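Enquirer: I'd like to ask some things about the structure below.
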Amino acid sequence: MTLSTRAAATVILASALAGCGAPATDPKKLPPVNPQAASLREGFSSMERLVEAARKEGTLTVIGLPRDWANYGEILDTFSDKYGIKVEQLEPNASSHQEIMSATQPKPGAHVPDVFDLGVDVAVANESLFAPYRVQNWQDIPDQLKNHSGKWYGAYGGYMSIGYDSRKVRPPATYADLLKPGYVVALPGDPLRTAAAFNGVMAASLSGESASAERGVKFFSRLRQAGNFALSGKTPTAVIDWEYLNAGRMAMDGGKAWKVALPGPSAIGSYYVQAINRGAPHPAAARLWQEFLYSDEGQNLFLKGHARPARLEALQMRGTVDREAAAKLPPAPAKPVFLTIPETDTAKSYLESHWTRSVG
């Protein structure tokens with residue numbers, strides 16, 4: 001072989017080896033990042049590029065996420081530490097309606113949120129405010145828990161429960177037991193303004209699988225007449241609230257006195273949904289937040305907070321569920337009841353007209 005022939009062969013071999021080891025996609029040929037895109041692939045090509053874009057923004061602004069609600073304290077800290085992004089919290093105790101108002105009618109000089117955590121009815125009513133984005137685990141979210149254009153989707157939820165002080169009252173087998181002596185019953189807020197309190201009224205109204213605002217108002221009117229409704233100055237011996245919040249109270253108590261009951265066979269269930277503000281100041285960070293919440297890690301952090309993650313079935317099927325946390329969930333009711341948007345609207349209208357004058 002001549003020197004020139006050997007040189008040519010070396011060049012060909014080197015080119016072939018370089019081709020075998022070359023990346024499938026040349027980074028220089030990747031499309032530019034589009035933080036407004038409706039999916040990871042369309043906007044960023046990879047998680048690495050999404051993380052890079054979010055870190056450049058540096059901040060994620062959230063609203064309505066109390067640290068003791070569904071383990072949000074640990075979720076927020078984990079996200080911030082994992083990605084090196086500052087999390088700015090606006091009004092942790094804001095209701096779903098207040099979250100929307102913070103974006104549509106912000107106070108002078110106030111920041112607006114990048115993302116929302118909302119009741120389904122509020123999300124449906126405000127879809128025009130959200131940017132569509134389908135997370136990588138989109139297919140694992142049950143169809144009934146997501147808007148199919150990707151504007152909102154359920155993250156976590158649970159069932160209405162009765163938390164009670166076992167030192168002072170017996171375990172309630174039904175909501176009617178709350179009318180017995182010794183019970184001082186509280187709701188987590190005003191049912192005209194707070195989703196959890198509204199659903200508490202509806203839970204107490206269940207007859208079989210049917211919920212009725214009229215029955216709920218009558219029940220709480222009877223509670224008040226019996227002196228069993230917690231008014232100012234009374235310490236509750238029972239709280240009607242989401243199971244994950246009552247379970248959180250039990251965890252704080254160490255399980256010594258506070259217990260949780262899910263009177264059955266029916267129970268009101270609901271999920272809180274996530275959405276990205278169409279005008280998010282930090283659009284890449286907002287999309288990274290969604291990817292984190294719907295990752296196995298994020299979903300298991302909700303589970304650790306006693307909430308039922310939207311991807312629970314997928315986690316169980318793939319063996320990626322936090323088994324210890326899952327074992328602490330009470331058995332799901334045999335006949336869960338999820339109110340439709342029309343049912344919710346009708347019930348809220350009834351409460352607006354009758355709650356104050358009947359219960360106070």
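Letters A, B, ... go to the chains of the structure tokens in the order shown; residues in each chain start at 1; ligands are counted from 1 in the same order.
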Could you produce a table of the residues of region 92-179 of chain A lying within 12 Å of region 49-73 of chain A, with the nearest pair of atoms per residue and their separation in Å rounded to one decimal, using only C-alpha atoms, ordered by chain and increasing residue number, as a tab-separated table?
Expert:
residue	atom	partner	partner_atom	distance
A:Pro92	CA	A:Gly64	CA	4.2
A:Asn93	CA	A:Gly64	CA	5.1
A:Ala94	CA	A:Gly64	CA	4.5
A:Ser95	CA	A:Gly64	CA	6.5
A:Ser96	CA	A:Gly64	CA	7.5
A:His97	CA	A:Gly64	CA	10.1
A:Gln98	CA	A:Gly64	CA	8.4
A:Glu99	CA	A:Ile63	CA	6.5
A:Ile100	CA	A:Ile63	CA	9.7
A:Met101	CA	A:Ile63	CA	11.1
A:Ser102	CA	A:Ile63	CA	8.7
A:Ala103	CA	A:Ile63	CA	10.1
A:Ala110	CA	A:Thr61	CA	11.4
A:His111	CA	A:Thr61	CA	8.0
A:Val112	CA	A:Thr61	CA	7.3
A:Pro113	CA	A:Thr61	CA	5.0
A:Asp114	CA	A:Thr61	CA	5.3
A:Val115	CA	A:Val62	CA	5.8
A:Phe116	CA	A:Ile63	CA	6.6
A:Asp117	CA	A:Gly64	CA	6.9
A:Leu118	CA	A:Gly64	CA	8.6
A:Gly119	CA	A:Gly64	CA	11.4
A:Ala155	CA	A:Ala70	CA	10.7
A:Tyr156	CA	A:Ala70	CA	8.3
A:Gly157	CA	A:Ala70	CA	8.8
A:Gly158	CA	A:Ala70	CA	10.1
Enquirer: Using DSSP assignments from the backbone, pull out every residue in region 75-309 of chain A that falls under helix (DSSP H, G or I) and give it to me as a short mmCIF file (atom, residue, chain, number, x, y, z; two decimals) with N, CA, C and O atoms, in the first residue's frame.
Expert:
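Generated file (states-v6.cif):
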data_model
loop_
_atom_site.label_atom_id
_atom_site.label_comp_id
_atom_site.auth_asym_id
_atom_site.auth_seq_id
_atom_site.Cartn_x
_atom_site.Cartn_y
_atom_site.Cartn_z
N ILE A 75 -42.55 20.03 48.69
CA ILE A 75 -42.55 20.07 47.22
C ILE A 75 -41.85 21.33 46.72
O ILE A 75 -40.99 21.28 45.82
N LEU A 76 -42.19 22.48 47.29
CA LEU A 76 -41.57 23.74 46.89
C LEU A 76 -40.07 23.74 47.16
O LEU A 76 -39.27 24.17 46.32
N ASP A 77 -39.67 23.27 48.35
CA ASP A 77 -38.26 23.25 48.70
C ASP A 77 -37.47 22.30 47.80
O ASP A 77 -36.35 22.61 47.39
N THR A 78 -38.06 21.14 47.52
CA THR A 78 -37.37 20.16 46.67
C THR A 78 -37.16 20.70 45.26
O THR A 78 -36.08 20.56 44.67
N PHE A 79 -38.19 21.33 44.71
CA PHE A 79 -38.07 21.92 43.37
C PHE A 79 -36.97 22.98 43.34
O PHE A 79 -36.11 22.99 42.43
N SER A 80 -36.98 23.87 44.32
CA SER A 80 -36.00 24.95 44.36
C SER A 80 -34.57 24.42 44.49
O SER A 80 -33.66 24.86 43.79
N ASP A 81 -34.39 23.44 45.38
CA ASP A 81 -33.06 22.87 45.60
C ASP A 81 -32.59 22.07 44.38
O ASP A 81 -31.41 22.10 44.02
N LYS A 82 -33.50 21.34 43.79
CA LYS A 82 -33.15 20.45 42.67
C LYS A 82 -32.68 21.23 41.45
O LYS A 82 -31.72 20.84 40.76
N TYR A 83 -33.34 22.35 41.18
CA TYR A 83 -33.07 23.09 39.94
C TYR A 83 -32.38 24.44 40.15
O TYR A 83 -32.05 25.12 39.18
N SER A 96 -59.09 29.77 45.02
CA SER A 96 -58.96 29.65 43.56
C SER A 96 -59.38 30.95 42.86
O SER A 96 -58.72 31.40 41.91
N HIS A 97 -60.46 31.55 43.32
CA HIS A 97 -60.92 32.80 42.70
C HIS A 97 -59.90 33.92 42.91
O HIS A 97 -59.65 34.74 42.01
N GLN A 98 -59.30 33.97 44.09
CA GLN A 98 -58.29 35.00 44.36
C GLN A 98 -57.04 34.79 43.51
O GLN A 98 -56.39 35.75 43.11
N GLU A 99 -56.72 33.53 43.23
CA GLU A 99 -55.59 33.25 42.34
C GLU A 99 -55.82 33.86 40.97
O GLU A 99 -54.94 34.50 40.38
N ILE A 100 -57.03 33.66 40.45
CA ILE A 100 -57.36 34.21 39.13
C ILE A 100 -57.32 35.73 39.16
O ILE A 100 -56.78 36.38 38.25
N MET A 101 -57.85 36.32 40.22
CA MET A 101 -57.87 37.78 40.34
C MET A 101 -56.45 38.36 40.38
O MET A 101 -56.19 39.45 39.86
N SER A 102 -55.51 37.61 40.96
CA SER A 102 -54.14 38.09 41.05
C SER A 102 -53.50 38.23 39.68
O SER A 102 -52.55 39.00 39.50
N ALA A 103 -54.01 37.47 38.72
CA ALA A 103 -53.49 37.53 37.35
C ALA A 103 -54.26 38.52 36.48
O ALA A 103 -53.69 39.20 35.63
N THR A 104 -55.57 38.60 36.69
CA THR A 104 -56.41 39.46 35.84
C THR A 104 -56.52 40.89 36.37
O THR A 104 -56.69 41.82 35.59
N VAL A 120 -61.53 22.48 40.01
CA VAL A 120 -61.86 22.20 38.61
C VAL A 120 -62.85 23.23 38.06
O VAL A 120 -62.70 23.70 36.92
N ASP A 121 -63.86 23.61 38.85
CA ASP A 121 -64.87 24.52 38.33
C ASP A 121 -64.27 25.88 37.98
O ASP A 121 -64.64 26.49 36.96
N VAL A 122 -63.33 26.36 38.80
CA VAL A 122 -62.69 27.65 38.51
C VAL A 122 -61.80 27.53 37.28
O VAL A 122 -61.74 28.44 36.45
N ALA A 123 -61.11 26.41 37.15
CA ALA A 123 -60.26 26.19 35.98
C ALA A 123 -61.08 26.18 34.69
O ALA A 123 -60.71 26.82 33.69
N VAL A 124 -62.19 25.47 34.70
CA VAL A 124 -63.04 25.38 33.51
C VAL A 124 -63.56 26.77 33.12
O VAL A 124 -63.63 27.11 31.93
N ALA A 125 -63.90 27.57 34.12
CA ALA A 125 -64.47 28.88 33.84
C ALA A 125 -63.44 29.88 33.34
O ALA A 125 -63.80 30.94 32.79
N GLU A 127 -60.50 29.02 31.33
CA GLU A 127 -59.56 28.37 30.42
C GLU A 127 -58.83 29.34 29.50
O GLU A 127 -57.68 29.09 29.11
N SER A 128 -59.46 30.45 29.16
CA SER A 128 -58.84 31.40 28.22
C SER A 128 -57.59 32.05 28.80
O SER A 128 -56.78 32.63 28.07
N LEU A 129 -57.42 31.95 30.13
CA LEU A 129 -56.26 32.58 30.77
C LEU A 129 -55.03 31.68 30.79
O LEU A 129 -53.95 32.12 31.19
N TRP A 138 -48.30 12.93 30.36
CA TRP A 138 -49.69 13.28 30.04
C TRP A 138 -50.60 12.07 29.95
O TRP A 138 -51.73 12.07 30.44
N GLN A 139 -50.13 10.99 29.32
CA GLN A 139 -50.98 9.82 29.07
C GLN A 139 -51.39 9.13 30.37
O GLN A 139 -52.38 8.39 30.39
N ASP A 140 -50.67 9.36 31.46
CA ASP A 140 -50.98 8.72 32.74
C ASP A 140 -52.10 9.43 33.50
O ASP A 140 -52.64 8.88 34.47
N ASP A 143 -58.44 10.62 31.83
CA ASP A 143 -59.09 11.53 30.88
C ASP A 143 -60.04 12.51 31.56
O ASP A 143 -60.15 13.67 31.15
N GLN A 144 -60.74 12.04 32.60
CA GLN A 144 -61.71 12.91 33.25
C GLN A 144 -61.06 13.99 34.11
O GLN A 144 -61.73 14.88 34.61
N LEU A 145 -59.74 13.93 34.25
CA LEU A 145 -59.03 14.89 35.08
C LEU A 145 -58.21 15.88 34.26
O LEU A 145 -57.34 16.57 34.79
N TYR A 175 -72.45 10.91 58.91
CA TYR A 175 -72.48 12.34 59.21
C TYR A 175 -73.56 12.65 60.24
O TYR A 175 -73.43 13.59 61.03
N ALA A 176 -74.61 11.84 60.28
CA ALA A 176 -75.68 12.06 61.26
C ALA A 176 -75.16 11.92 62.69
O ALA A 176 -75.71 12.54 63.62
N ASP A 177 -74.09 11.15 62.88
CA ASP A 177 -73.52 11.01 64.23
C ASP A 177 -73.00 12.33 64.77
O ASP A 177 -72.88 12.50 66.00
N LEU A 178 -72.72 13.27 63.88
CA LEU A 178 -72.20 14.56 64.33
C LEU A 178 -73.25 15.38 65.07
O LEU A 178 -72.91 16.39 65.71
N LEU A 179 -74.50 14.95 65.02
CA LEU A 179 -75.57 15.61 65.77
C LEU A 179 -75.63 15.15 67.22
O LEU A 179 -76.37 15.73 68.03
N ALA A 195 -63.52 26.24 48.62
CA ALA A 195 -63.92 25.00 47.97
C ALA A 195 -64.02 23.84 48.96
O ALA A 195 -64.95 23.03 48.88
N ALA A 196 -63.06 23.75 49.89
CA ALA A 196 -63.08 22.64 50.84
C ALA A 196 -64.33 22.71 51.72
O ALA A 196 -64.97 21.68 51.99
N ALA A 197 -64.70 23.90 52.18
CA ALA A 197 -65.88 24.04 53.02
C ALA A 197 -67.15 23.74 52.22
O ALA A 197 -68.09 23.09 52.72
N PHE A 198 -67.20 24.22 50.98
CA PHE A 198 -68.35 23.91 50.11
C PHE A 198 -68.52 22.40 49.96
O PHE A 198 -69.63 21.86 50.09
N ASN A 199 -67.42 21.71 49.68
CA ASN A 199 -67.51 20.26 49.51
C ASN A 199 -67.84 19.55 50.82
O ASN A 199 -68.44 18.47 50.80
N GLY A 200 -67.48 20.16 51.94
CA GLY A 200 -67.88 19.60 53.23
C GLY A 200 -69.39 19.62 53.41
O GLY A 200 -69.98 18.66 53.92
N VAL A 201 -70.02 20.71 53.00
CA VAL A 201 -71.48 20.80 53.05
C VAL A 201 -72.10 19.74 52.15
O VAL A 201 -73.06 19.05 52.53
N MET A 202 -71.55 19.58 50.96
CA MET A 202 -72.09 18.61 50.02
C MET A 202 -71.87 17.17 50.51
O MET A 202 -72.71 16.29 50.31
N ALA A 203 -70.74 16.93 51.18
CA ALA A 203 -70.47 15.59 51.72
C ALA A 203 -71.50 15.21 52.78
O ALA A 203 -71.97 14.08 52.83
N ALA A 204 -71.84 16.19 53.61
CA ALA A 204 -72.82 15.92 54.66
C ALA A 204 -74.22 15.71 54.09
O ALA A 204 -75.10 15.18 54.79
N ALA A 213 -77.51 20.37 47.82
CA ALA A 213 -77.19 21.55 48.61
C ALA A 213 -78.29 21.83 49.64
O ALA A 213 -78.01 22.25 50.76
N GLU A 214 -79.53 21.59 49.25
CA GLU A 214 -80.63 21.82 50.19
C GLU A 214 -80.49 20.93 51.41
O GLU A 214 -80.65 21.38 52.55
N ARG A 215 -80.19 19.64 51.20
CA ARG A 215 -79.99 18.74 52.35
C ARG A 215 -78.79 19.18 53.18
O ARG A 215 -78.81 19.10 54.41
N GLY A 216 -77.73 19.65 52.51
CA GLY A 216 -76.55 20.09 53.24
C GLY A 216 -76.84 21.28 54.13
O GLY A 216 -76.40 21.33 55.29
N VAL A 217 -77.56 22.26 53.62
CA VAL A 217 -77.91 23.44 54.41
C VAL A 217 -78.79 23.03 55.59
O VAL A 217 -78.60 23.51 56.73
N LYS A 218 -79.75 22.16 55.37
CA LYS A 218 -80.63 21.70 56.46
C LYS A 218 -79.82 20.97 57.53
O LYS A 218 -80.08 21.14 58.72
N PHE A 219 -78.86 20.17 57.12
CA PHE A 219 -78.05 19.43 58.09
C PHE A 219 -77.26 20.40 58.97
O PHE A 219 -77.24 20.25 60.21
N PHE A 220 -76.63 21.41 58.38
CA PHE A 220 -75.84 22.34 59.18
C PHE A 220 -76.73 23.26 60.01
O PHE A 220 -76.32 23.72 61.09
N SER A 221 -77.92 23.50 59.54
CA SER A 221 -78.88 24.25 60.35
C SER A 221 -79.24 23.45 61.60
O SER A 221 -79.31 24.00 62.71
N ARG A 222 -79.43 22.15 61.43
CA ARG A 222 -79.71 21.28 62.59
C ARG A 222 -78.50 21.22 63.52
O ARG A 222 -78.66 21.21 64.76
N LEU A 223 -77.29 21.19 62.95
CA LEU A 223 -76.08 21.19 63.79
C LEU A 223 -76.05 22.44 64.67
O LEU A 223 -75.74 22.37 65.86
N ARG A 224 -76.35 23.57 64.06
CA ARG A 224 -76.30 24.81 64.83
C ARG A 224 -77.39 24.83 65.90
O ARG A 224 -77.12 25.24 67.03
N GLN A 225 -78.58 24.38 65.56
CA GLN A 225 -79.67 24.35 66.54
C GLN A 225 -79.34 23.44 67.71
O GLN A 225 -79.73 23.70 68.85
N GLU A 243 -59.38 14.54 53.21
CA GLU A 243 -58.70 13.51 53.99
C GLU A 243 -57.23 13.83 54.20
O GLU A 243 -56.67 13.54 55.26
N TYR A 244 -56.57 14.43 53.20
CA TYR A 244 -55.14 14.69 53.35
C TYR A 244 -54.87 15.80 54.37
O TYR A 244 -53.81 15.83 54.99
N LEU A 245 -55.82 16.71 54.56
CA LEU A 245 -55.64 17.74 55.57
C LEU A 245 -55.93 17.21 56.96
O LEU A 245 -55.23 17.52 57.92
N ASN A 246 -56.97 16.38 57.08
CA ASN A 246 -57.22 15.74 58.37
C ASN A 246 -56.10 14.77 58.73
O ASN A 246 -55.72 14.64 59.89
N ALA A 247 -55.55 14.09 57.72
CA ALA A 247 -54.43 13.19 57.97
C ALA A 247 -53.20 13.98 58.42
O ALA A 247 -52.41 13.52 59.24
N GLY A 248 -53.04 15.18 57.87
CA GLY A 248 -51.94 16.04 58.31
C GLY A 248 -52.10 16.45 59.76
O GLY A 248 -51.12 16.51 60.51
N ARG A 249 -53.33 16.73 60.17
CA ARG A 249 -53.56 17.04 61.58
C ARG A 249 -53.24 15.84 62.47
O ARG A 249 -52.70 15.98 63.56
N MET A 250 -53.59 14.66 61.98
CA MET A 250 -53.29 13.44 62.74
C MET A 250 -51.79 13.24 62.86
O MET A 250 -51.29 12.85 63.92
N ALA A 251 -51.05 13.54 61.77
CA ALA A 251 -49.59 13.38 61.81
C ALA A 251 -48.97 14.36 62.81
O ALA A 251 -48.04 14.01 63.54
N MET A 252 -49.49 15.59 62.86
CA MET A 252 -48.97 16.58 63.81
C MET A 252 -49.23 16.15 65.25
O MET A 252 -48.43 16.41 66.15
N ASP A 253 -50.34 15.46 65.45
CA ASP A 253 -50.72 14.97 66.77
C ASP A 253 -50.00 13.66 67.11
O ASP A 253 -50.04 13.21 68.25
N PRO A 283 -42.03 31.73 31.78
CA PRO A 283 -42.71 30.61 31.11
C PRO A 283 -41.95 29.28 31.14
O PRO A 283 -42.56 28.22 31.23
N ALA A 284 -40.62 29.32 31.06
CA ALA A 284 -39.85 28.08 31.10
C ALA A 284 -39.90 27.47 32.50
O ALA A 284 -40.09 26.26 32.67
N ALA A 285 -39.76 28.31 33.53
CA ALA A 285 -39.84 27.82 34.91
C ALA A 285 -41.23 27.24 35.19
O ALA A 285 -41.37 26.25 35.91
N ALA A 286 -42.26 27.87 34.62
CA ALA A 286 -43.63 27.37 34.80
C ALA A 286 -43.76 25.97 34.22
O ALA A 286 -44.39 25.08 34.82
N ARG A 287 -43.18 25.75 33.05
CA ARG A 287 -43.26 24.43 32.41
C ARG A 287 -42.40 23.40 33.13
O ARG A 287 -42.79 22.23 33.25
N LEU A 288 -41.27 23.82 33.67
CA LEU A 288 -40.45 22.91 34.47
C LEU A 288 -41.18 22.51 35.74
O LEU A 288 -41.11 21.35 36.17
N TRP A 289 -41.89 23.44 36.34
CA TRP A 289 -42.70 23.15 37.54
C TRP A 289 -43.74 22.07 37.24
O TRP A 289 -43.92 21.13 38.01
N GLN A 290 -44.40 22.18 36.10
CA GLN A 290 -45.40 21.17 35.74
C GLN A 290 -44.72 19.80 35.54
O GLN A 290 -45.23 18.78 36.01
N GLU A 291 -43.60 19.78 34.85
CA GLU A 291 -42.90 18.51 34.64
C GLU A 291 -42.51 17.89 35.97
O GLU A 291 -42.60 16.66 36.16
N PHE A 292 -42.08 18.71 36.91
CA PHE A 292 -41.69 18.21 38.23
C PHE A 292 -42.89 17.64 38.98
O PHE A 292 -42.83 16.54 39.55
N LEU A 293 -44.00 18.38 38.99
CA LEU A 293 -45.17 17.92 39.74
C LEU A 293 -45.70 16.59 39.21
O LEU A 293 -46.23 15.78 39.98
N ASP A 296 -42.51 11.11 38.69
CA ASP A 296 -42.69 10.15 39.79
C ASP A 296 -42.34 10.80 41.12
O ASP A 296 -43.03 10.60 42.13
N GLU A 297 -41.27 11.58 41.14
CA GLU A 297 -40.84 12.23 42.38
C GLU A 297 -41.90 13.19 42.89
O GLU A 297 -42.27 13.15 44.08
N GLY A 298 -42.41 14.05 42.02
CA GLY A 298 -43.41 15.02 42.44
C GLY A 298 -44.70 14.36 42.89
O GLY A 298 -45.30 14.75 43.91
N GLN A 299 -45.17 13.36 42.16
CA GLN A 299 -46.41 12.68 42.51
C GLN A 299 -46.27 11.94 43.85
O GLN A 299 -47.20 11.92 44.66
N ASN A 300 -45.11 11.35 44.10
CA ASN A 300 -44.89 10.68 45.38
C ASN A 300 -44.79 11.67 46.54
O ASN A 300 -45.13 11.32 47.68
N LEU A 301 -44.36 12.89 46.27
CA LEU A 301 -44.35 13.90 47.32
C LEU A 301 -45.77 14.30 47.71
O LEU A 301 -46.06 14.55 48.88
N PHE A 302 -46.69 14.37 46.73
CA PHE A 302 -48.10 14.58 47.09
C PHE A 302 -48.59 13.42 47.94
O PHE A 302 -49.30 13.62 48.93
N LEU A 303 -48.25 12.20 47.55
CA LEU A 303 -48.66 11.01 48.28
C LEU A 303 -48.13 11.04 49.70
O LEU A 303 -48.82 10.66 50.65
N LYS A 304 -46.91 11.52 49.87
CA LYS A 304 -46.32 11.64 51.21
C LYS A 304 -47.14 12.61 52.06
O LYS A 304 -47.15 12.50 53.29
#
Enquirer: Please report, as a ChimeraX atom specification, each residue of region 129-232 of chain A to which DSSP assigns strand (DSSP E or B) when run on this structure's backbone.
Expert: /A:130-131,134,146,153-165,185-186,207,210,229
Enquirer: Within 9 Å of Lys348 (chain A), counting only C-alpha atoms, which residues show up once you throw out same-chain ones fewer than 2 positions away? Write them as an MDAnalysis selection string, please.
Expert: chainID A and resid 191:192 198 213 343:346 350:353
Enquirer: Write out the residues from the selection above, keeping C-alpha atoms, as a compact mmCIF listing (two decimals), in the first residue's frame.
Expert:
# COMPACT_ATOMS: atom_id res chain seq x y z
CA PRO A 191 -68.61 27.43 52.12
CA LEU A 192 -69.55 30.48 50.04
CA PHE A 198 -68.35 23.91 50.11
CA ALA A 213 -77.19 21.55 48.61
CA GLU A 343 -74.09 20.26 39.72
CA THR A 344 -71.47 22.43 41.41
CA ASP A 345 -72.84 25.63 39.89
CA THR A 346 -76.40 24.77 40.94
CA TYR A 350 -78.43 27.51 46.33
CA LEU A 351 -75.88 28.17 49.08
CA GLU A 352 -75.58 31.83 48.03
CA SER A 353 -79.31 32.22 48.62
Enquirer: Go ahead and compute the interatomic distance for CA of Ala267 (chain A) and CA of Glu74 (chain A), in Å to one decimal.
Expert: 28.2 Å
Enquirer: Determine the nearest neighbour of Arg167 (chain A) from the options A:Met47, A:Val185, A:Val321, A:Ala257, counting only C-alpha atoms.
Expert: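 For Arg167 (chain A), the nearest of the given residues is A:Ala257.
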Enquirer: Between CA of Val260 (chain A) and CA of Arg323 (chain A), what is the spacing in Å?
Expert: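 Computing it gives 20.1 Å between the two atoms.
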Enquirer: Within 9 Å of Ala186 (chain A), counting only C-alpha atoms, which residues show up once you throw out same-chain ones fewer than 4 positions away? Write them as a list in words, please.
Expert: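 Everything that qualifies: Asn228, Phe229, Ala230, Leu231, Thr235, Pro236, Thr237, Ala238, Val239, Ile240 and Asp241 of chain A.
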